[in-house]
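The block underneath contains the structure these notes are about, expressed in structure tokens.
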Number of protein chains: 2
Amino acid sequence: MAVNLPALGSLPPVSGVRIGTAGAGIKQRERDDVAVFLLAPDTVVAGVFTNSAFRAAPVQIACANLATGSVRALVINSGNANAATGAAGLADAQAVCRTLADAAGIDQSAVLPFSTGVIGERLPVDRVQKAVELATERAAEDGWPAAAASIMTTDTGPKAVSRQVPVQGCPVTINGIAKGAGMIRPDMATMLAFVCCDASVTPECLDDLTREVADRSFNRISVDGDTSTNDSFVVCASGMAGNALITSPEDPGYQDLRQGLSAVAVDLATRIVRDGEGATKFVTIRVRGGADTEECLRVAYTIAESPLVKTAAFAGDPNWGRFCMAIGRSGVKDLDTGSVDLYLDDVCVARGGLLAPDYAEADGGRVMAQDEFEVRVELGRGDAEEVVWTCDLSYEYVRINAEYRT
Amino acid sequence: MAVNLPALGSLPPVSGVRIGTAGAGIKQRERDDVAVFLLAPDTVVAGVFTNSAFRAAPVQIACANLATGSVRALVINSGNANAATGAAGLADAQAVCRTLADAAGIDQSAVLPFSTGVIGERLPVDRVQKAVELATERAAEDGWPAAAASIMTTDTGPKAVSRQVPVQGCPVTINGIAKGAGMIRPDMATMLAFVCCDASVTPECLDDLTREVADRSFNRISVDGDTSTNDSFVVCASGMAGNALITSPEDPGYQDLRQGLSAVAVDLATRIVRDGEGATKFVTIRVRGGADTEECLRVAYTIAESPLVKTAAFAGDPNWGRFCMAIGRSGVKDLDTGSVDLYLDDVCVARGGLLAPDYAEADGGRVMAQDEFEVRVELGRGDAEEVVWTCDLSYEYVRINAEYRT
């Protein structure tokens, strides 16, 4: 049911990054569900994590280990989130980290663990440990496609992106993989995303870049408004590309790297929406003319998360009243509806809060019949503009989520 | 698909209130879609209305006319919301009010208009005016069941409630009708509710009572988190029951009337949820032990509006991770998940943020297999407690909302 989800393209190696996968049979037999990333010494790592009060055990450990400053490996399993599992879950995640540390000959605190899948069930630690050992043996520079496949849960296909960008004239390779299809929205989506590059950058700059990039990509998507206990976005920079060390945002290389990371992150994030559970439409919500970012996002998310808008999108029905309803209830202070315009792609549906005199419903219907379209709201209050990506709500979303565990 | 929606019971007359209905063929032929309420002189009326920035034309007029203090009639149409229709829509609603005023021999400013249905389309004023004239001719004390039917849109059945309550020993009759099945959530649901009683009460007291009662009934329900441009809850008191005039909250009659109005409003509000679009389960979300009302409601609504919880409810799947997810992302400040307990009816699913050791999934499954069940969260932070009523998210919800206009 995915909407124009691109197939995996070529994924060249990223110097200093080796990846291996193996099967632990956590939820399904006969597929790899464990991946390990082995990172060269001195790799710089940054990450942003879920804001949920129920932060999963691996997220708690990843945050703590990331703070120690030296990260040499990532371990990821799908099929079980190791969330809401308490002290036992923490011990399970630590045991997995220890296995990887032993196999790779690194400190246990240099391992960041990640899990995704069912919440509230214990991890089958023995089987995961065996898979970690096997994956470590298999680790190689060409492990990217297998890693993208291994982290999938309800995803219909693997998601990976590669870009080469010049950073102050020096070619830098940026690869990223992501998983996520439901429980998607900011702060963060139920998603895992791992991006590795070979740029040379200070930890402080990479941290700033990671937050900035996440905010304009993974924090701008919504499938169903739900947020996971395990969401994580991690960026690793091995420093082996040979560019001059990026030390501040004023550095020209900072902007080069920002653009490259941002392109990879937006591409991954929109692929998650394209693969939204049950999605049949990919919808860009653009809100312009807001007094500030916050009110643009408020309107954009109210539209993006409205079940009535989402079912109208599924039906391809240009039911503009539902957009009005969503804009009206979004809570923008003192909104003058008489200055609100609504467009579907280039078709002006409403002007000044009223159905446009020259609007023909057939035109709106043609736009919404497409796989992909843009809903644009002009608030007429200022210069702020924000974009959010979402998908429709279909029978298939209900089926997937009603049957997920059965 | 409604969940145990009660059939209409007996609806005795309310002294001083006459009701008539007629068909204007707004959206469907061969049904009555217009109702008029004719109120005795000196009837006291109070109302609460949607907070949407796109307030429909009739809502704007009803608010303005209510402020003048003398209300003698209500006119309601289904099938067209007369919302987002600008100055033309206001003129249309005024024209309908004028027709009723002429037919009933009252001031135009003494008429409150209400509309529900499709947004953004003009009302067929001529046909509505003819129906208003006919409905006025037909007005009688036994018009309650016909009125309940006439205001339906996607409702699967009419919703009406009657109670007799002693107010300081004097019997007071309270009748109410409501419509609403989708676009339901606080501030307010897409719903119209009209309650009439024959109590004698000051305008100030009735206004207080109406707000208080709405807050604990119609503002505690959620079907899909969407809010309409037209929501209205109106309470009329004809003063013909003969009770001593209620002049303050300290008056014992105030509490008597409050209990009666509250019982009627909660009954109507929960019927709206039982008839939630596509609903197969009626779910009570009770949050206890919060530090204050606000955080209890925050948790309750996050659960009630989570598509993942709602699809799990549809499947009857006690997927407790989804409850954790919702509690975790609800944004309660400094929530210690280690003190959170979760119950499904009397079954303790989680204690101290962890799966309860004695919990068997079959027990949770048995609770969620029922038509109706309660989800109870104990936050362990204080004494506040709040209840919200909701329903599940089914294939049928998607079908209804994808096909509504086609």
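If you're wondering about the labels, chains in the structure tokens are A, B, ... by order shown, residues count from 1 in each chain, ligands from 1 in order shown.
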
For region 361-375 of chain B, list every protein, DNA or RNA residue within 10 Å, evaluated using only C-alpha atoms, and leave out those in the same chain fewer than 3 positions away; present the list as a PyMOL selection string. chain B and resi 3-4+274+279-287+300+303-304+312-320+323+342-349+358+387+389+391

At a cut-off of 7 Å, list the chain B residues touching chain A, using only C-alpha atoms, as an mmCIF file with N, CA and C atoms, in the first residue's frame.
```cif
data_model
loop_
_atom_site.group_PDB
_atom_site.id
_atom_site.type_symbol
_atom_site.label_atom_id
_atom_site.label_comp_id
_atom_site.auth_asym_id
_atom_site.auth_seq_id
_atom_site.Cartn_x
_atom_site.Cartn_y
_atom_site.Cartn_z
ATOM 1 N N SER B 52 -14.550 26.909 17.666
ATOM 2 C CA SER B 52 -13.875 26.966 16.364
ATOM 3 C C SER B 52 -13.785 28.406 15.862
ATOM 4 N N ALA B 53 -12.653 28.727 15.211
ATOM 5 C CA ALA B 53 -12.526 30.046 14.579
ATOM 6 C C ALA B 53 -13.502 30.166 13.409
ATOM 7 N N PHE B 54 -13.801 29.029 12.770
ATOM 8 C CA PHE B 54 -14.816 29.004 11.716
ATOM 9 C C PHE B 54 -16.170 28.705 12.344
ATOM 10 N N ALA B 84 -18.848 28.288 7.017
ATOM 11 C CA ALA B 84 -17.890 28.755 6.016
ATOM 12 C C ALA B 84 -18.640 29.254 4.777
ATOM 13 N N THR B 85 -19.708 29.969 5.032
ATOM 14 C CA THR B 85 -20.551 30.479 3.952
ATOM 15 C C THR B 85 -20.601 32.011 3.957
ATOM 16 N N GLY B 86 -19.850 32.630 4.876
ATOM 17 C CA GLY B 86 -19.666 34.077 4.853
ATOM 18 C C GLY B 86 -20.941 34.885 5.051
ATOM 19 N N ILE B 119 -20.373 21.151 5.345
ATOM 20 C CA ILE B 119 -19.809 22.490 5.521
ATOM 21 C C ILE B 119 -19.527 23.110 4.159
ATOM 22 N N GLY B 120 -19.716 24.425 4.062
ATOM 23 C CA GLY B 120 -19.239 25.142 2.880
ATOM 24 C C GLY B 120 -20.220 25.183 1.733
ATOM 25 N N ASP B 224 -13.444 10.995 17.473
ATOM 26 C CA ASP B 224 -12.286 11.051 16.583
ATOM 27 C C ASP B 224 -11.411 12.272 16.805
ATOM 28 N N ASP B 226 -12.031 15.242 16.364
ATOM 29 C CA ASP B 226 -12.351 16.397 15.538
ATOM 30 C C ASP B 226 -13.497 17.194 16.145
ATOM 31 N N THR B 227 -13.514 18.461 15.856
ATOM 32 C CA THR B 227 -14.447 19.394 16.460
ATOM 33 C C THR B 227 -15.154 20.144 15.353
ATOM 34 N N SER B 228 -16.399 20.417 15.566
ATOM 35 C CA SER B 228 -17.173 21.007 14.490
ATOM 36 C C SER B 228 -17.284 22.510 14.616
ATOM 37 N N THR B 229 -17.729 23.095 13.533
ATOM 38 C CA THR B 229 -17.972 24.531 13.430
ATOM 39 C C THR B 229 -19.332 24.916 13.999
ATOM 40 N N SER B 306 -5.917 8.052 20.746
ATOM 41 C CA SER B 306 -4.830 7.349 20.070
ATOM 42 C C SER B 306 -5.391 6.363 19.052
ATOM 43 N N PRO B 307 -5.061 6.511 17.778
ATOM 44 C CA PRO B 307 -5.542 5.545 16.786
ATOM 45 C C PRO B 307 -5.067 4.127 17.093
ATOM 46 N N LEU B 308 -3.894 4.003 17.710
ATOM 47 C CA LEU B 308 -3.391 2.659 18.013
ATOM 48 C C LEU B 308 -4.180 2.015 19.150
ATOM 49 N N THR B 311 -7.663 1.154 17.558
ATOM 50 C CA THR B 311 -7.693 -0.045 16.713
ATOM 51 C C THR B 311 -7.492 -1.300 17.562
ATOM 52 N N ALA B 312 -6.702 -1.204 18.633
ATOM 53 C CA ALA B 312 -6.565 -2.351 19.546
ATOM 54 C C ALA B 312 -7.910 -2.651 20.202
ATOM 55 N N PHE B 314 -10.823 -2.061 18.883
ATOM 56 C CA PHE B 314 -11.623 -2.681 17.813
ATOM 57 C C PHE B 314 -11.303 -4.175 17.726
ATOM 58 N N ALA B 315 -10.016 -4.511 17.831
ATOM 59 C CA ALA B 315 -9.591 -5.909 17.723
ATOM 60 C C ALA B 315 -9.832 -6.675 19.025
ATOM 61 N N GLY B 321 1.049 -2.279 25.696
ATOM 62 C CA GLY B 321 2.102 -1.370 25.256
ATOM 63 C C GLY B 321 1.542 -0.103 24.638
ATOM 64 N N CYS B 324 0.651 2.215 27.414
ATOM 65 C CA CYS B 324 1.889 2.825 27.930
ATOM 66 C C CYS B 324 2.353 3.936 27.016
ATOM 67 N N MET B 325 2.340 3.637 25.711
ATOM 68 C CA MET B 325 2.759 4.612 24.717
ATOM 69 C C MET B 325 1.957 5.895 24.875
ATOM 70 N N GLY B 328 2.711 7.641 28.129
ATOM 71 C CA GLY B 328 4.068 8.182 28.056
ATOM 72 C C GLY B 328 4.174 9.452 27.247
ATOM 73 N N ARG B 329 3.362 9.566 26.191
ATOM 74 C CA ARG B 329 3.501 10.746 25.337
ATOM 75 C C ARG B 329 2.503 11.836 25.701
ATOM 76 N N LEU B 335 6.464 12.725 34.985
ATOM 77 C CA LEU B 335 5.712 11.502 35.309
ATOM 78 C C LEU B 335 6.694 10.390 35.671
ATOM 79 N N THR B 337 6.997 6.780 35.723
ATOM 80 C CA THR B 337 6.261 5.631 35.193
ATOM 81 C C THR B 337 6.264 4.475 36.193
ATOM 82 N N GLY B 353 4.258 0.515 36.560
ATOM 83 C CA GLY B 353 4.834 0.701 35.229
ATOM 84 C C GLY B 353 5.270 -0.576 34.548
ATOM 85 N N LEU B 354 5.048 -1.719 35.201
ATOM 86 C CA LEU B 354 5.470 -2.998 34.625
ATOM 87 C C LEU B 354 4.285 -3.939 34.538
ATOM 88 N N LEU B 355 4.379 -4.872 33.626
ATOM 89 C CA LEU B 355 3.354 -5.901 33.517
ATOM 90 C C LEU B 355 3.192 -6.549 34.897
ATOM 91 N N SER B 394 -12.865 1.625 13.718
ATOM 92 C CA SER B 394 -13.138 0.414 12.930
ATOM 93 C C SER B 394 -13.074 0.706 11.438
ATOM 94 N N TYR B 395 -13.117 -0.351 10.652
ATOM 95 C CA TYR B 395 -13.244 -0.197 9.194
ATOM 96 C C TYR B 395 -14.421 0.710 8.857
ATOM 97 N N VAL B 398 -13.897 4.434 8.768
ATOM 98 C CA VAL B 398 -13.252 4.873 7.528
ATOM 99 C C VAL B 398 -14.278 4.896 6.400
ATOM 100 N N ASN B 401 -16.716 7.888 6.674
ATOM 101 C CA ASN B 401 -16.144 9.203 6.417
ATOM 102 C C ASN B 401 -15.503 9.339 5.053
ATOM 103 N N ALA B 402 -15.193 8.195 4.437
ATOM 104 C CA ALA B 402 -14.680 8.270 3.067
ATOM 105 C C ALA B 402 -15.837 8.398 2.086
ATOM 106 N N GLU B 403 -17.045 8.010 2.511
ATOM 107 C CA GLU B 403 -18.164 7.994 1.567
ATOM 108 C C GLU B 403 -19.208 9.065 1.857
#
```

Taking 6 positions as the minimum chain separation for residues in the same chain, which residues sit within 6 Å of Ala193 (chain B) when counting only C-alpha atoms? Answer as a PyMOL selection string. chain B and resi 177-178+233

Keeping C-alpha atoms for every residue in the selection just given, could you write it to a file as a PDB file, in the first residue's frame?
```
ATOM      1  CA  ILE B 177     -32.452  15.391  22.371  1.00  0.00           C
ATOM      2  CA  ALA B 178     -29.031  15.241  20.758  1.00  0.00           C
ATOM      3  CA  PHE B 233     -25.786  22.809  23.668  1.00  0.00           C
TER       4      PHE B 233
END
```

Quick one: everything within 9 Å of Gly260 (chain A), counting only C-alpha atoms, minus sequence neighbours fewer than 3 positions away in the same chain. Send it as a tab-separated table (two decimals) with N, CA and C atoms, in the first residue's frame.
```
chain	number	residue	atom	x	y	z
A	163	ARG	N	23.90	9.77	-0.35
A	163	ARG	CA	24.27	10.99	-1.09
A	163	ARG	C	25.77	11.20	-0.98
A	164	GLN	N	26.31	11.73	-2.03
A	164	GLN	CA	27.68	12.22	-1.95
A	164	GLN	C	27.60	13.73	-2.03
A	165	VAL	N	28.19	14.43	-1.08
A	165	VAL	CA	28.16	15.90	-1.11
A	165	VAL	C	29.58	16.43	-0.93
A	166	PRO	N	29.91	17.50	-1.65
A	166	PRO	CA	31.22	18.12	-1.43
A	166	PRO	C	31.17	18.97	-0.17
A	167	VAL	N	32.08	18.70	0.74
A	167	VAL	CA	32.19	19.52	1.95
A	167	VAL	C	33.50	20.30	1.81
A	172	VAL	N	32.14	13.86	0.50
A	172	VAL	CA	31.71	13.17	1.73
A	172	VAL	C	30.53	12.26	1.35
A	173	THR	N	30.57	11.04	1.83
A	173	THR	CA	29.47	10.10	1.59
A	173	THR	C	28.57	10.06	2.82
A	174	ILE	N	27.27	10.15	2.59
A	174	ILE	CA	26.28	10.09	3.67
A	174	ILE	C	25.30	8.97	3.34
A	255	GLN	N	27.68	24.29	6.58
A	255	GLN	CA	26.48	24.42	5.74
A	255	GLN	C	26.43	23.31	4.68
A	256	ASP	N	27.61	22.97	4.13
A	256	ASP	CA	27.66	21.87	3.15
A	256	ASP	C	27.14	20.58	3.80
A	257	LEU	N	27.65	20.29	4.97
A	257	LEU	CA	27.27	19.04	5.64
A	257	LEU	C	25.79	19.10	6.06
A	263	ALA	N	19.16	16.62	3.37
A	263	ALA	CA	18.58	15.95	2.21
A	263	ALA	C	18.35	14.47	2.51
A	264	VAL	N	19.31	13.84	3.16
A	264	VAL	CA	19.16	12.41	3.51
A	264	VAL	C	18.04	12.23	4.52
A	265	ALA	N	17.98	13.10	5.51
A	265	ALA	CA	16.97	12.94	6.56
A	265	ALA	C	15.56	13.20	6.02
```

Among region 142-205 of chain A, which residues does DSSP mark as helix (DSSP H, G or I) when it is run on the backbone? Keep the chain and numbering as in the structure and answer as a ChimeraX atom specification. /A:144-150,203-205

Writing out the chosen residues with N, CA and C atoms as a PDB file, in the first residue's frame:
```pdb
ATOM      1  N   TRP A 144      24.840  -2.340   4.189  1.00  0.00           N
ATOM      2  CA  TRP A 144      23.733  -1.379   4.293  1.00  0.00           C
ATOM      3  C   TRP A 144      22.368  -1.933   3.901  1.00  0.00           C
ATOM      4  N   PRO A 145      22.239  -2.593   2.724  1.00  0.00           N
ATOM      5  CA  PRO A 145      20.886  -3.071   2.349  1.00  0.00           C
ATOM      6  C   PRO A 145      20.340  -4.088   3.356  1.00  0.00           C
ATOM      7  N   ALA A 146      21.186  -4.977   3.826  1.00  0.00           N
ATOM      8  CA  ALA A 146      20.730  -5.979   4.793  1.00  0.00           C
ATOM      9  C   ALA A 146      20.299  -5.306   6.095  1.00  0.00           C
ATOM     10  N   ALA A 147      21.025  -4.250   6.492  1.00  0.00           N
ATOM     11  CA  ALA A 147      20.657  -3.532   7.718  1.00  0.00           C
ATOM     12  C   ALA A 147      19.298  -2.857   7.553  1.00  0.00           C
ATOM     13  N   ALA A 148      19.081  -2.239   6.392  1.00  0.00           N
ATOM     14  CA  ALA A 148      17.800  -1.556   6.144  1.00  0.00           C
ATOM     15  C   ALA A 148      16.655  -2.558   6.249  1.00  0.00           C
ATOM     16  N   ALA A 149      16.874  -3.779   5.757  1.00  0.00           N
ATOM     17  CA  ALA A 149      15.826  -4.802   5.823  1.00  0.00           C
ATOM     18  C   ALA A 149      15.642  -5.327   7.247  1.00  0.00           C
ATOM     19  N   SER A 150      16.728  -5.430   7.990  1.00  0.00           N
ATOM     20  CA  SER A 150      16.661  -6.082   9.310  1.00  0.00           C
ATOM     21  C   SER A 150      15.886  -5.267  10.336  1.00  0.00           C
ATOM     22  N   PRO A 203      32.180  16.997  17.933  1.00  0.00           N
ATOM     23  CA  PRO A 203      30.956  16.489  18.571  1.00  0.00           C
ATOM     24  C   PRO A 203      29.908  17.570  18.767  1.00  0.00           C
ATOM     25  N   GLU A 204      30.321  18.780  19.143  1.00  0.00           N
ATOM     26  CA  GLU A 204      29.364  19.864  19.376  1.00  0.00           C
ATOM     27  C   GLU A 204      28.632  20.217  18.083  1.00  0.00           C
ATOM     28  N   CYS A 205      29.392  20.337  16.993  1.00  0.00           N
ATOM     29  CA  CYS A 205      28.758  20.680  15.709  1.00  0.00           C
ATOM     30  C   CYS A 205      27.828  19.561  15.253  1.00  0.00           C
TER      31      CYS A 205
END
```
